[in-house]
Structures are given as structure tokens and as C-alpha cells.
>>> print(open('query.tsv').read())   # TSV, C-alpha atoms
chain	number	residue	atom	x	y	z
R	1	MET	CA	-27.04	-40.67	-2.77
R	2	ASN	CA	-26.16	-37.22	-1.44
R	3	ALA	CA	-26.03	-34.09	-3.55
R	4	LEU	CA	-24.79	-30.63	-2.59
R	5	VAL	CA	-26.00	-27.62	-4.57
R	6	ILE	CA	-24.15	-24.34	-4.06
R	7	GLY	CA	-26.05	-21.25	-5.17
R	8	CYS	CA	-29.83	-21.25	-4.96
R	9	GLY	CA	-30.87	-18.94	-7.76
R	10	ARG	CA	-33.08	-19.90	-10.67
R	11	VAL	CA	-30.68	-22.59	-11.85
R	12	GLY	CA	-29.46	-23.96	-8.53
R	13	SER	CA	-32.92	-24.18	-6.97
R	14	SER	CA	-34.35	-26.01	-9.99
R	15	VAL	CA	-31.47	-28.47	-10.06
R	16	ALA	CA	-31.96	-29.06	-6.32
R	17	LYS	CA	-35.68	-29.75	-6.78
R	18	HIS	CA	-35.06	-32.08	-9.74
R	19	LEU	CA	-32.46	-34.06	-7.82
R	20	ASP	CA	-34.78	-34.25	-4.81
R	21	ARG	CA	-37.57	-35.57	-7.02
R	22	GLU	CA	-35.20	-38.18	-8.42
R	23	GLY	CA	-34.56	-39.50	-4.94
R	24	TRP	CA	-31.32	-37.75	-3.94
R	25	GLU	CA	-30.68	-36.42	-0.45
R	26	VAL	CA	-30.11	-32.76	-1.34
R	27	SER	CA	-28.41	-30.02	0.64
R	28	VAL	CA	-28.33	-26.42	-0.60
R	29	ILE	CA	-26.08	-23.47	0.24
R	30	ASP	CA	-26.90	-19.83	-0.48
R	31	GLU	CA	-25.71	-16.53	0.96
R	32	LYS	CA	-29.27	-15.28	1.38
R	33	GLU	CA	-31.91	-16.72	3.66
R	34	GLU	CA	-34.65	-15.67	1.18
R	35	ALA	CA	-33.26	-18.07	-1.41
R	36	LEU	CA	-34.98	-20.85	0.54
R	37	ASN	CA	-38.30	-19.58	-0.89
R	38	ARG	CA	-37.20	-20.71	-4.35
R	39	LEU	CA	-37.22	-24.32	-3.13
R	40	GLY	CA	-40.95	-24.21	-2.38
R	41	THR	CA	-42.85	-24.57	0.86
R	42	GLY	CA	-42.45	-28.31	1.31
R	43	TRP	CA	-38.63	-28.40	1.04
R	44	LYS	CA	-37.37	-31.23	3.22
R	45	GLY	CA	-33.75	-31.17	2.14
R	46	GLY	CA	-30.94	-29.26	3.83
R	47	PHE	CA	-30.48	-25.51	3.51
R	48	ILE	CA	-27.46	-23.64	4.88
R	49	VAL	CA	-27.02	-19.88	4.78
R	50	GLY	CA	-23.41	-19.00	4.06
R	51	HIS	CA	-20.74	-18.45	1.43
R	52	GLY	CA	-19.60	-21.37	-0.68
R	53	MET	CA	-15.95	-20.36	-0.27
R	54	ASP	CA	-16.23	-20.90	3.49
R	55	ILE	CA	-14.81	-24.32	4.38
R	56	ASP	CA	-16.92	-24.53	7.55
R	57	VAL	CA	-20.10	-23.85	5.59
R	58	LEU	CA	-19.19	-26.51	3.02
R	59	ARG	CA	-18.56	-29.03	5.80
R	60	GLU	CA	-21.79	-28.14	7.58
R	61	ALA	CA	-23.66	-28.68	4.33
R	62	GLY	CA	-22.14	-32.13	4.05
R	63	ILE	CA	-19.56	-31.75	1.28
R	64	GLU	CA	-17.56	-34.62	2.75
R	65	GLU	CA	-20.42	-37.05	2.20
R	66	ALA	CA	-21.63	-35.61	-1.11
R	67	ASP	CA	-21.64	-37.94	-4.12
R	68	ALA	CA	-22.33	-35.03	-6.46
R	69	VAL	CA	-21.63	-31.31	-6.13
R	70	VAL	CA	-23.35	-28.71	-8.34
R	71	VAL	CA	-21.81	-25.23	-8.25
R	72	ALA	CA	-24.14	-22.55	-9.61
R	73	THR	CA	-23.69	-19.22	-7.83
R	74	ASN	CA	-23.95	-16.08	-9.94
R	75	GLY	CA	-20.17	-15.56	-10.11
R	76	ASP	CA	-18.01	-17.45	-12.61
R	77	ASN	CA	-14.81	-17.04	-10.62
R	78	THR	CA	-16.48	-17.95	-7.34
R	79	ASN	CA	-17.82	-21.09	-9.01
R	80	LEU	CA	-14.43	-22.03	-10.44
R	81	VAL	CA	-12.74	-21.68	-7.05
R	82	ILE	CA	-15.46	-23.61	-5.17
R	83	ALA	CA	-15.40	-26.39	-7.78
R	84	GLN	CA	-11.64	-26.78	-7.39
R	85	VAL	CA	-11.96	-26.81	-3.60
R	86	ALA	CA	-14.57	-29.59	-3.88
R	87	GLN	CA	-12.39	-31.51	-6.30
R	88	LYS	CA	-8.96	-31.05	-4.72
R	89	ARG	CA	-9.61	-30.55	-1.03
R	90	PHE	CA	-12.62	-32.79	-0.52
R	91	ASP	CA	-11.85	-35.23	-3.33
R	92	ASN	CA	-15.37	-35.11	-4.77
R	93	GLN	CA	-15.39	-37.10	-8.02
R	94	CYS	CA	-18.55	-35.61	-9.49
R	95	VAL	CA	-18.37	-31.81	-9.50
R	96	VAL	CA	-20.32	-29.89	-12.14
R	97	VAL	CA	-19.88	-26.15	-12.35
R	98	ARG	CA	-21.70	-23.42	-14.19
R	99	VAL	CA	-19.48	-20.91	-16.00
R	100	LEU	CA	-21.15	-18.22	-18.11
R	101	ASP	CA	-18.00	-17.12	-19.96
R	102	PRO	CA	-17.33	-19.65	-22.77
R	103	ALA	CA	-13.58	-18.86	-22.80
R	104	ARG	CA	-13.09	-19.65	-19.11
R	105	ALA	CA	-15.41	-22.67	-19.34
R	106	ASP	CA	-13.26	-24.17	-22.13
R	107	PHE	CA	-9.98	-23.35	-20.42
R	108	TYR	CA	-10.92	-24.90	-17.07
R	109	ARG	CA	-12.40	-27.97	-18.75
R	110	GLU	CA	-9.29	-28.57	-20.85
R	111	THR	CA	-6.57	-27.59	-18.39
R	112	PHE	CA	-8.02	-28.45	-15.00
R	113	GLY	CA	-10.41	-31.24	-15.94
R	114	LEU	CA	-13.44	-29.50	-14.41
R	115	ARG	CA	-16.90	-30.44	-15.68
R	116	THR	CA	-17.82	-26.92	-16.73
R	117	ILE	CA	-21.27	-26.24	-18.12
R	118	CYS	CA	-21.60	-23.05	-20.15
R	119	PRO	CA	-25.21	-21.87	-20.60
R	120	THR	CA	-23.98	-19.06	-22.87
R	121	GLN	CA	-22.49	-21.55	-25.32
R	122	THR	CA	-25.67	-23.64	-25.16
R	123	ALA	CA	-27.75	-20.53	-25.86
R	124	ILE	CA	-25.58	-19.62	-28.85
R	125	GLU	CA	-25.92	-23.09	-30.34
R	126	THR	CA	-29.67	-23.28	-29.67
R	127	LEU	CA	-30.26	-19.87	-31.23
R	128	MET	CA	-28.23	-20.80	-34.30
R	129	ASP	CA	-30.16	-24.05	-34.66
R	130	ALA	CA	-33.44	-22.12	-34.36
R	131	VAL	CA	-32.37	-19.71	-37.09
R	132	ARG	CA	-31.32	-22.56	-39.37
R	133	ALA	CA	-34.63	-24.35	-38.66
R	134	CYS	CA	-36.48	-21.49	-40.36
R	135	GLU	CA	-35.02	-22.81	-43.62
R	136	ILE	CA	-34.59	-19.42	-45.17
R	137	PRO	CA	-32.19	-19.71	-48.08
R	138	ALA	CA	-28.83	-18.35	-46.99
R	139	PRO	CA	-28.38	-14.81	-48.31
R	140	ALA	CA	-25.86	-14.70	-51.11
R	141	ARG	CA	-22.70	-13.19	-49.74
R	142	ALA	CA	-20.70	-10.87	-51.94
R	143	PRO	CA	-17.50	-12.63	-52.89
R	144	ALA	CA	-14.60	-11.48	-50.79
R	145	THR	CA	-12.72	-10.47	-53.94
R	146	ALA	CA	-15.51	-8.21	-55.28
R	147	THR	CA	-14.54	-4.61	-55.78
C	1	MET	CA	10.89	-5.92	-16.59
C	2	TYR	CA	7.32	-6.06	-17.86
C	3	ALA	CA	4.65	-6.30	-15.17
C	4	LEU	CA	0.92	-6.75	-15.70
C	5	ILE	CA	-1.18	-5.54	-12.77
C	6	ALA	CA	-4.84	-6.41	-12.28
C	7	GLY	CA	-6.78	-4.09	-9.98
C	8	GLY	CA	-6.23	-0.35	-9.85
C	9	GLY	CA	-7.20	0.36	-6.27
C	10	LYS	CA	-4.76	1.96	-3.83
C	11	ALA	CA	-2.38	-1.00	-3.90
C	12	GLY	CA	-2.45	-1.43	-7.68
C	13	ALA	CA	-2.08	2.27	-8.43
C	14	ASN	CA	0.79	2.78	-6.00
C	15	VAL	CA	2.66	-0.29	-7.17
C	16	THR	CA	2.20	0.85	-10.79
C	17	ARG	CA	3.56	4.31	-9.96
C	18	SER	CA	6.57	2.87	-8.12
C	19	LEU	CA	7.45	0.35	-10.82
C	20	LEU	CA	7.20	3.00	-13.54
C	21	ARG	CA	9.48	5.28	-11.53
C	22	MET	CA	11.98	2.42	-11.30
C	23	GLY	CA	11.96	2.28	-15.10
C	24	HIS	CA	9.84	-0.84	-15.57
C	25	GLU	CA	7.12	-1.36	-18.14
C	26	VAL	CA	3.66	-1.74	-16.63
C	27	THR	CA	0.10	-2.35	-17.83
C	28	LEU	CA	-2.65	-1.81	-15.26
C	29	ILE	CA	-6.13	-3.29	-15.73
C	30	GLU	CA	-9.13	-1.80	-13.89
C	31	GLN	CA	-12.77	-2.73	-14.41
C	32	ARG	CA	-14.59	0.10	-12.63
C	33	GLN	CA	-15.32	2.84	-15.18
C	34	GLY	CA	-15.00	5.74	-12.74
C	35	ARG	CA	-11.78	4.53	-11.20
C	36	PHE	CA	-10.36	3.77	-14.63
C	37	ALA	CA	-10.91	7.37	-15.74
C	38	GLN	CA	-8.76	8.58	-12.82
C	39	LEU	CA	-6.05	6.04	-13.54
C	40	GLU	CA	-5.99	6.85	-17.24
C	41	GLU	CA	-5.38	10.50	-16.43
C	42	GLU	CA	-2.23	9.58	-14.55
C	43	PHE	CA	-0.98	6.49	-16.40
C	44	GLU	CA	-2.39	7.20	-19.91
C	45	HIS	CA	-2.16	4.20	-22.25
C	46	ARG	CA	-0.68	2.04	-19.49
C	47	ALA	CA	-4.12	1.84	-17.87
C	48	GLN	CA	-6.70	-0.39	-19.57
C	49	LEU	CA	-10.40	-0.83	-18.88
C	50	GLY	CA	-11.77	-4.34	-18.43
C	51	ASP	CA	-12.32	-7.44	-16.31
C	52	ALA	CA	-8.90	-9.03	-15.89
C	53	THR	CA	-10.43	-12.49	-15.52
C	54	GLU	CA	-11.57	-12.33	-19.17
C	55	LEU	CA	-9.03	-13.86	-21.54
C	56	PHE	CA	-9.46	-11.23	-24.27
C	57	VAL	CA	-8.85	-8.43	-21.75
C	58	LEU	CA	-5.64	-10.08	-20.59
C	59	GLU	CA	-4.56	-10.64	-24.20
C	60	ARG	CA	-5.25	-7.03	-25.12
C	61	ALA	CA	-3.04	-6.06	-22.19
C	62	GLY	CA	-0.20	-8.16	-23.60
C	63	ILE	CA	-0.31	-11.35	-21.53
C	64	ARG	CA	0.79	-13.39	-24.56
C	65	ARG	CA	4.29	-11.86	-24.52
C	66	PRO	CA	4.21	-13.02	-21.58
C	67	PRO	CA	4.94	-10.51	-18.80
C	68	ASP	CA	7.77	-11.29	-16.35
C	69	ILE	CA	5.27	-11.03	-13.54
C	70	VAL	CA	1.52	-10.70	-12.99
C	71	LEU	CA	0.22	-9.02	-9.84
C	72	ALA	CA	-3.39	-9.83	-8.96
C	73	LEU	CA	-4.38	-7.01	-6.61
C	74	THR	CA	-8.14	-6.69	-7.01
C	75	GLY	CA	-10.46	-6.49	-4.02
C	76	ASP	CA	-11.92	-9.87	-4.87
C	77	ASP	CA	-10.09	-13.05	-3.81
C	78	GLU	CA	-11.83	-15.29	-6.35
C	79	ASP	CA	-10.78	-12.96	-9.15
C	80	ASN	CA	-7.19	-12.84	-7.89
C	81	LEU	CA	-7.03	-16.63	-7.76
C	82	ILE	CA	-8.43	-17.07	-11.26
C	83	ILE	CA	-6.19	-14.35	-12.72
C	84	CYS	CA	-3.12	-16.11	-11.32
C	85	GLN	CA	-4.22	-19.55	-12.52
C	86	ILE	CA	-4.91	-18.27	-16.03
C	87	ALA	CA	-1.61	-16.33	-16.11
C	88	LYS	CA	0.45	-19.33	-15.03
C	89	GLU	CA	-1.30	-22.22	-16.71
C	90	ARG	CA	-2.53	-20.69	-19.94
C	91	TYR	CA	0.05	-18.04	-20.74
C	92	GLY	CA	3.14	-19.39	-18.99
C	93	VAL	CA	3.74	-16.30	-16.88
C	94	PRO	CA	6.76	-17.26	-14.72
C	95	LYS	CA	5.85	-15.33	-11.57
C	96	VAL	CA	2.61	-14.22	-9.93
C	97	ILE	CA	1.84	-12.39	-6.71
C	98	ALA	CA	-1.70	-12.43	-5.34
C	99	ARG	CA	-3.40	-10.21	-2.83
C	100	VAL	CA	-5.57	-11.97	-0.26
C	101	ASN	CA	-8.37	-9.71	1.01
C	102	ASP	CA	-10.00	-12.11	3.47
C	103	PRO	CA	-7.41	-14.13	5.41
C	104	ARG	CA	-9.86	-17.05	5.56
C	105	ASN	CA	-9.32	-17.49	1.83
C	106	GLN	CA	-5.58	-18.09	2.26
C	107	VAL	CA	-6.25	-21.85	2.35
C	108	HIS	CA	-7.69	-21.71	-1.17
C	109	PHE	CA	-4.59	-19.96	-2.54
C	110	ASP	CA	-2.42	-22.61	-0.86
C	111	LEU	CA	-4.60	-25.43	-2.19
C	112	LEU	CA	-4.35	-24.15	-5.75
C	113	GLY	CA	-0.63	-23.45	-5.52
C	114	ILE	CA	-0.84	-19.68	-5.88
C	115	SER	CA	2.08	-18.07	-4.07
C	116	PRO	CA	3.42	-15.79	-2.89
C	117	THR	CA	0.39	-14.06	-1.44
C	118	VAL	CA	0.09	-10.80	0.46
C	119	CYS	CA	-2.59	-10.23	3.07
C	120	ALA	CA	-2.76	-6.86	4.79
C	121	THR	CA	-5.02	-8.16	7.57
C	122	SER	CA	-2.66	-11.01	8.45
C	123	THR	CA	0.32	-8.65	8.41
C	124	VAL	CA	-1.38	-6.21	10.75
C	125	LEU	CA	-2.40	-9.05	13.07
C	126	ALA	CA	1.16	-10.37	13.13
C	127	LEU	CA	2.39	-6.91	14.05
C	128	VAL	CA	-0.21	-6.61	16.80
C	129	GLU	CA	0.96	-9.94	18.15
C	130	HIS	CA	4.56	-8.74	18.03
C	131	GLU	CA	3.75	-5.56	19.90
C	132	VAL	CA	1.33	-7.16	22.37
C	133	PRO	CA	2.43	-10.79	22.63
C	134	GLU	CA	-0.24	-13.03	24.04
C	135	HIS	CA	1.66	-16.20	24.80
C	136	GLU	CA	5.25	-14.95	25.07
C	137	LEU	CA	5.86	-16.60	21.75
C	138	VAL	CA	5.73	-14.30	18.77
C	139	HIS	CA	5.42	-15.44	15.15
C	140	LEU	CA	7.93	-13.45	13.14
C	141	LEU	CA	7.92	-15.18	9.80
C	142	GLU	CA	6.04	-17.95	8.12
C	143	LEU	CA	7.93	-19.93	5.44
C	144	ARG	CA	4.87	-21.43	3.85
C	145	LYS	CA	6.59	-23.43	1.13
C	146	GLU	CA	9.13	-24.90	3.54
C	147	ASN	CA	6.49	-25.57	6.21
C	148	LEU	CA	8.60	-23.76	8.81
C	149	GLU	CA	8.15	-20.70	10.92
C	150	ILE	CA	10.42	-18.43	12.91
C	151	VAL	CA	9.29	-17.36	16.38
C	152	GLU	CA	10.68	-15.17	19.12
C	153	VAL	CA	10.63	-16.19	22.79
C	154	GLN	CA	11.46	-14.02	25.78
C	155	ILE	CA	13.27	-15.94	28.55
C	156	ASP	CA	12.57	-14.80	32.13
C	157	LYS	CA	13.87	-15.82	35.54
C	158	ASN	CA	11.15	-18.47	35.97
C	159	SER	CA	11.94	-20.13	32.66
C	160	PRO	CA	13.10	-23.73	33.16
C	161	CYS	CA	15.79	-23.18	30.55
C	162	ALA	CA	17.38	-20.15	32.26
C	163	GLY	CA	20.97	-20.97	33.20
C	164	LYS	CA	21.06	-24.01	30.91
C	165	LYS	CA	23.19	-24.57	27.85
C	166	VAL	CA	21.34	-25.11	24.59
C	167	ASP	CA	22.60	-28.68	24.10
C	168	ARG	CA	21.11	-29.65	27.49
C	169	LEU	CA	17.60	-28.72	26.34
C	170	THR	CA	15.22	-31.34	24.97
C	171	LEU	CA	13.84	-29.33	22.07
C	172	PRO	CA	10.90	-30.75	20.11
C	173	ASP	CA	11.75	-32.63	16.92
C	174	GLY	CA	12.03	-30.23	14.02
C	175	ALA	CA	12.87	-27.22	16.20
C	176	ARG	CA	16.19	-25.33	16.51
C	177	LEU	CA	17.28	-22.22	18.30
C	178	ILE	CA	18.77	-19.70	15.88
C	179	SER	CA	20.05	-16.82	17.92
C	180	VAL	CA	20.05	-15.12	21.28
C	181	MET	CA	19.66	-11.38	21.70
C	182	ARG	CA	21.20	-10.10	24.94
C	183	ASN	CA	21.92	-6.50	25.95
C	184	GLY	CA	21.13	-5.35	22.43
C	185	ARG	CA	23.55	-7.77	20.78
C	186	ALA	CA	22.55	-10.86	18.84
C	187	GLU	CA	24.60	-14.03	18.85
C	188	ILE	CA	24.12	-17.22	16.87
C	189	ALA	CA	22.94	-19.93	19.29
C	190	ASP	CA	25.06	-23.07	19.40
C	191	GLY	CA	25.20	-25.96	21.86
C	192	THR	CA	27.39	-24.06	24.31
C	193	THR	CA	25.22	-20.94	24.46
C	194	GLU	CA	23.86	-20.51	27.99
C	195	LEU	CA	20.39	-19.04	28.17
C	196	GLN	CA	19.79	-16.26	30.69
C	197	PRO	CA	16.74	-14.36	31.95
C	198	GLY	CA	16.04	-11.43	29.65
C	199	ASP	CA	17.31	-13.21	26.53
C	200	GLN	CA	15.27	-12.91	23.37
C	201	VAL	CA	15.62	-16.19	21.55
C	202	LEU	CA	14.79	-16.81	17.90
C	203	ALA	CA	13.75	-20.33	17.01
C	204	ILE	CA	12.81	-22.07	13.79
C	205	LEU	CA	10.25	-24.87	13.93
C	206	GLN	CA	7.44	-26.64	12.14
C	207	PRO	CA	4.03	-25.04	12.62
C	208	GLY	CA	2.14	-26.89	15.34
C	209	LYS	CA	5.19	-27.43	17.57
C	210	GLU	CA	4.77	-24.08	19.35
C	211	ASP	CA	3.28	-25.60	22.51
C	212	GLU	CA	6.10	-28.12	22.86
C	213	LEU	CA	8.69	-25.39	22.40
C	214	ARG	CA	6.91	-23.14	24.89
C	215	ARG	CA	6.97	-25.96	27.44
C	216	VAL	CA	10.71	-26.48	27.09
C	217	LEU	CA	11.61	-22.81	27.18
C	218	LEU	CA	8.89	-21.30	29.39
C	219	LYS	CA	6.95	-24.12	31.10
C	220	ARG	CA	3.48	-22.60	30.79
>>> encode(input="query.tsv", output="C-alpha cells")
Amino acid sequence: MNALVIGCGRVGSSVAKHLDREGWEVSVIDEKEEALNRLGTGWKGGFIVGHGMDIDVLREAGIEEADAVVVATNGDNTNLVIAQVAQKRFDNQCVVVRVLDPARADFYRETFGLRTICPTQTAIETLMDAVRACEIPAPARAPATAT
Amino acid sequence: MYALIAGGGKAGANVTRSLLRMGHEVTLIEQRQGRFAQLEEEFEHRAQLGDATELFVLERAGIRRPPDIVLALTGDDEDNLIICQIAKERYGVPKVIARVNDPRNQVHFDLLGISPTVCATSTVLALVEHEVPEHELVHLLELRKENLEIVEVQIDKNSPCAGKKVDRLTLPDGARLISVMRNGRAEIADGTTELQPGDQVLAILQPGKEDELRRVLLKR
């Protein structure tokens, strides 16, 4: 199985390494050559320097053969465009895309059928769960009608 | 008309000024603090600070009304694409116009159905080609939606079509001659029009048929 990871920051590089460990053939795209360092010294997968919006770069990185595409650059709008290019132009069935803004993540999931992952929303829920786990009795709230 | 403009650079600011002068209602969104301060001085409450790809910023600017048109004129093609998609698909804005900064991104706008688009680089290149034609066939207009283009060809004395009537030419499928410009006067080309050296011919054709047309008219 082939996977393409676009954006090799903290998230993208970790996803690439996990997929590699699970037996995927992984190819990674990042704008910066230095991003290769995040993959560790023994990286045997592909690594292409270029912009994920560039069709030639996507082709070179093997988007046409990819069974899964993970889009995780540091720009929400860049990610949303690349994900739609993968889905509509290259007909990739499994495209997952990171979107930090919960509003845009919801909208593109509902309207365009993208598999958006929103770390902000996850953080909000995890933090709320952690607060609730402290089991502090909820502070009594003054009734809304109080004068 | 109510227009919402995203991006207050030179293009956005000048379009805002012109539309206001024409009596239209405009809201201009700019995300750079420093630039916004300048715009606010001129446009007052019509300028708003924020990232126009954020839904609450668009809503604060009145996108729910919705505007008659949204112009996405930021310096960032991804942002312009997303602004147009959100405007059309979420808020039902009937018309959008997007600026394309890098002509290589035009394919993405086409793929996602965002049109019309404006690209300064492509326009300048087209003009350069018109002024300094490279292949004696000049692209004048691209009708993207119709998948047609209009080109101009200069006939010279070596052209195989010189002295022939239009209906004797074997034009490529999907190509037609529109008009012939001779001695400063244009004439609609029909089957009986005889082509002469020096004629400037306008033709309409499907993109990709340029070489075939060039062969029939110029043989190069």
C-alpha cells in the first residue's frame, strides 16, 4: 500500500513514520529540505522538496499510485485545496486533511465530503474531559433571573 | 449593488474606491493590521480587519445578506479559492470573481469551478505575445467555459491559403474563420471571402487545434 504525506512538520513527519512502521510505502512532500531531518536518519521512504499545490510535485511524489493521502501542511486553506485536488483531480478515495479552524473543518466535511481532522476541536474536548475528570462539584451558577 | 471584497492591497483598494464612486455599497476585508489602518482612514467603517477565510469574519462583514458579488483579491491563491467556495456553497452568493496570483494555480480554480478568474501575469503574457508574436498565431481571447479560443493569424505571400476562398480551405474540425481585416477595414469572413497576403484573420477554435490551423493557413 502506498501513502503520500504532504507537509512534514511535527504532525506530518510522525504520521509518515507511523505508516512506514506499519508497512506502508510512504512518500513525503515538504517545501523545505531540512524537513527531511524530522523523519530520522534511516528514512528509506520517498522525500520530495516542493509545494503541495504543484501538480508536477504531486505526480513526482506518486499521488497517482497513492492509496492514502494525508494533508498536513501548516496552512488550513492550502490543505483544503490540496485535499480537493487529490480527491477530484487524482480520484484518491482516502484523503485525510488537517484543518485547525473548527468552523472550516465542519463546513468542508459536511458540504464537500472531505475527511477533515480538527486538532483544535480534539484539544477542546480533551481539555473539557480533563476538567470534568477532576470531579470538582460544579460551581452553583446564579440563576439567570436573579437581580 | 452590494459587493464584499477580500484583500485590501492595490487591487482591492482601487476596486473599492471605484465601486463606491459608482454609488455601490462595499465592505472591504483586510487582515494585515498596518494596511488595515491605512484603509480605514480612507474607507472608514467600510473597511474591516480580519482573515476573510474565517466564517465569523465573513459574517461580521455581512455575507449572510448575501452580497450580490464577492471579490477574492488577496495575494494568496489558496485563500482566494477558499473564500469563493465558502461564499458560493455556504452563503449562496450568486457571483464571485477570484484573483489568481500564480498562473500555475489556474488549474485548481478550474477544477473547483471558481470562475471568472483574473490573472495579471497571464494578461501581461498575452499582451507580450500580441505585441511580439512568436508563431504568427496570437491568442486574443480564451472562452474557458465554452472551451473555445479566438486567435489572430497574419496571412503573407507564402501562405498556402493566399488567393483561396474560405470554402476551399480544409479547416480543422471545430475551427471557423470569423473575420478578415484588410487595409484597416474588417469584414465578416464567409465562404466566398478570398484571403490575400497582408490579411489579418480572426479564427475561433478549440484549444489544441492551433497547429492544425497554422498548417492550413501558414504551412509552418
>>> closest_atom_pairs(input="query.tsv", of="region 28-88 of chain R", to="region 103-114 of chain C", cutoff="8 Å", atoms="only C-alpha atoms", output="CSV")
residue,atom,partner,partner_atom,distance
R:Met53,CA,C:Asn105,CA,7.5
R:Asp54,CA,C:Arg104,CA,7.7
R:Val81,CA,C:His108,CA,7.8
R:Gln84,CA,C:Leu112,CA,7.9
R:Val85,CA,C:His108,CA,7.1
R:Lys88,CA,C:Leu111,CA,7.5
>>> closest_residue(input="query.tsv", among="C:Phe36, C:Tyr91, C:Phe43, C:Tyr2", to="chain R", atoms="only C-alpha atoms")
C:Tyr91
>>> atom_distance(input="query.tsv", atom1="CA of Ala37 (chain C)", atom2="CA of Gly8 (chain C)")
10.8 Å
>>> residues_around(input="query.tsv", residues="Ile124 (chain R)", least_positions_apart="6", cutoff="12 Å", atoms="all atoms listed in the file", output="PyMOL selection string")
chain R and resi 100-102+118+130-131
>>> write_last_selection(input="query.tsv", atoms="C-alpha atoms", output="PDB file, in the coordinates of the input")
ATOM      1  CA  LEU R 100     -21.150 -18.220 -18.110  1.00  0.00           C
ATOM      2  CA  ASP R 101     -18.000 -17.120 -19.960  1.00  0.00           C
ATOM      3  CA  PRO R 102     -17.330 -19.650 -22.770  1.00  0.00           C
ATOM      4  CA  CYS R 118     -21.600 -23.050 -20.150  1.00  0.00           C
ATOM      5  CA  ALA R 130     -33.440 -22.120 -34.360  1.00  0.00           C
ATOM      6  CA  VAL R 131     -32.370 -19.710 -37.090  1.00  0.00           C
TER       7      VAL R 131
END
>>> closest_atom_pairs(input="query.tsv", of="chain R", to="chain C", cutoff="12 Å", atoms="all atoms listed in the file", output="tab-separated table")
residue	atom	partner	partner_atom	distance
R:His51	CA	C:Asn105	CA	11.5
R:Gly52	CA	C:Asn105	CA	11.3
R:Met53	CA	C:Asn105	CA	7.5
R:Asp54	CA	C:Arg104	CA	7.7
R:Ile55	CA	C:Arg104	CA	8.9
R:Asp56	CA	C:Arg104	CA	10.5
R:Gly75	CA	C:Glu78	CA	9.2
R:Asp76	CA	C:Glu78	CA	9.1
R:Asn77	CA	C:Glu78	CA	5.5
R:Thr78	CA	C:Glu78	CA	5.4
R:Asn79	CA	C:Glu78	CA	8.8
R:Leu80	CA	C:Ile82	CA	7.8
R:Val81	CA	C:Glu78	CA	6.5
R:Ile82	CA	C:His108	CA	8.9
R:Ala83	CA	C:His108	CA	11.2
R:Gln84	CA	C:Leu112	CA	7.9
R:Val85	CA	C:His108	CA	7.1
R:Ala86	CA	C:His108	CA	10.8
R:Gln87	CA	C:Leu111	CA	10.7
R:Lys88	CA	C:Leu111	CA	7.5
R:Arg89	CA	C:Leu111	CA	7.3
R:Phe90	CA	C:Leu111	CA	11.0
R:Leu100	CA	C:Glu54	CA	11.3
R:Asp101	CA	C:Glu54	CA	8.1
R:Pro102	CA	C:Glu54	CA	10.0
R:Ala103	CA	C:Leu55	CA	6.9
R:Arg104	CA	C:Glu54	CA	7.5
R:Ala105	CA	C:Glu54	CA	11.0
R:Asp106	CA	C:Leu55	CA	11.2
R:Phe107	CA	C:Arg90	CA	7.9
R:Tyr108	CA	C:Ile86	CA	9.0
R:Glu110	CA	C:Arg90	CA	10.4
R:Thr111	CA	C:Glu89	CA	7.7
R:Phe112	CA	C:Glu89	CA	9.3
>>> residues_around(input="query.tsv", residues="Glu44 (chain C)", least_positions_apart="6", cutoff="12 Å", atoms="all atoms listed in the file", output="list in words")
Arg17, Val26, Thr27, Leu28, Ile29, Phe36, Ala37 and Gln38 of chain C
>>> decode(input="query.tsv", residues="region 108-119 of chain C", atoms="N, CA and C atoms", output="PDB file, in the first residue's frame")
ATOM      1  N   HIS C 108      -6.317  24.800 -10.546  1.00  0.00           N
ATOM      2  CA  HIS C 108      -7.069  24.480  -9.332  1.00  0.00           C
ATOM      3  C   HIS C 108      -8.400  25.246  -9.306  1.00  0.00           C
ATOM      4  N   PHE C 109      -8.368  26.496  -9.751  1.00  0.00           N
ATOM      5  CA  PHE C 109      -9.608  27.280  -9.816  1.00  0.00           C
ATOM      6  C   PHE C 109     -10.571  26.620 -10.803  1.00  0.00           C
ATOM      7  N   ASP C 110     -10.051  26.155 -11.929  1.00  0.00           N
ATOM      8  CA  ASP C 110     -10.898  25.489 -12.925  1.00  0.00           C
ATOM      9  C   ASP C 110     -11.484  24.203 -12.344  1.00  0.00           C
ATOM     10  N   LEU C 111     -10.613  23.423 -11.691  1.00  0.00           N
ATOM     11  CA  LEU C 111     -11.044  22.145 -11.116  1.00  0.00           C
ATOM     12  C   LEU C 111     -12.191  22.338 -10.127  1.00  0.00           C
ATOM     13  N   LEU C 112     -12.089  23.396  -9.320  1.00  0.00           N
ATOM     14  CA  LEU C 112     -13.078  23.596  -8.263  1.00  0.00           C
ATOM     15  C   LEU C 112     -14.216  24.504  -8.718  1.00  0.00           C
ATOM     16  N   GLY C 113     -14.238  24.818 -10.004  1.00  0.00           N
ATOM     17  CA  GLY C 113     -15.375  25.557 -10.560  1.00  0.00           C
ATOM     18  C   GLY C 113     -15.452  27.011 -10.145  1.00  0.00           C
ATOM     19  N   ILE C 114     -14.310  27.615  -9.812  1.00  0.00           N
ATOM     20  CA  ILE C 114     -14.314  29.024  -9.437  1.00  0.00           C
ATOM     21  C   ILE C 114     -13.995  29.862 -10.683  1.00  0.00           C
ATOM     22  N   SER C 115     -14.978  30.604 -11.144  1.00  0.00           N
ATOM     23  CA  SER C 115     -14.764  31.477 -12.301  1.00  0.00           C
ATOM     24  C   SER C 115     -15.769  32.618 -12.232  1.00  0.00           C
ATOM     25  N   PRO C 116     -15.509  33.766 -12.836  1.00  0.00           N
ATOM     26  CA  PRO C 116     -14.293  34.024 -13.585  1.00  0.00           C
ATOM     27  C   PRO C 116     -13.097  34.321 -12.681  1.00  0.00           C
ATOM     28  N   THR C 117     -11.919  34.170 -13.273  1.00  0.00           N
ATOM     29  CA  THR C 117     -10.689  34.495 -12.560  1.00  0.00           C
ATOM     30  C   THR C 117      -9.945  35.585 -13.326  1.00  0.00           C
ATOM     31  N   VAL C 118      -9.108  36.320 -12.610  1.00  0.00           N
ATOM     32  CA  VAL C 118      -8.291  37.351 -13.223  1.00  0.00           C
ATOM     33  C   VAL C 118      -6.849  37.103 -12.834  1.00  0.00           C
ATOM     34  N   CYS C 119      -5.966  37.031 -13.825  1.00  0.00           N
ATOM     35  CA  CYS C 119      -4.555  36.806 -13.521  1.00  0.00           C
ATOM     36  C   CYS C 119      -3.717  37.831 -14.260  1.00  0.00           C
TER      37      CYS C 119
END
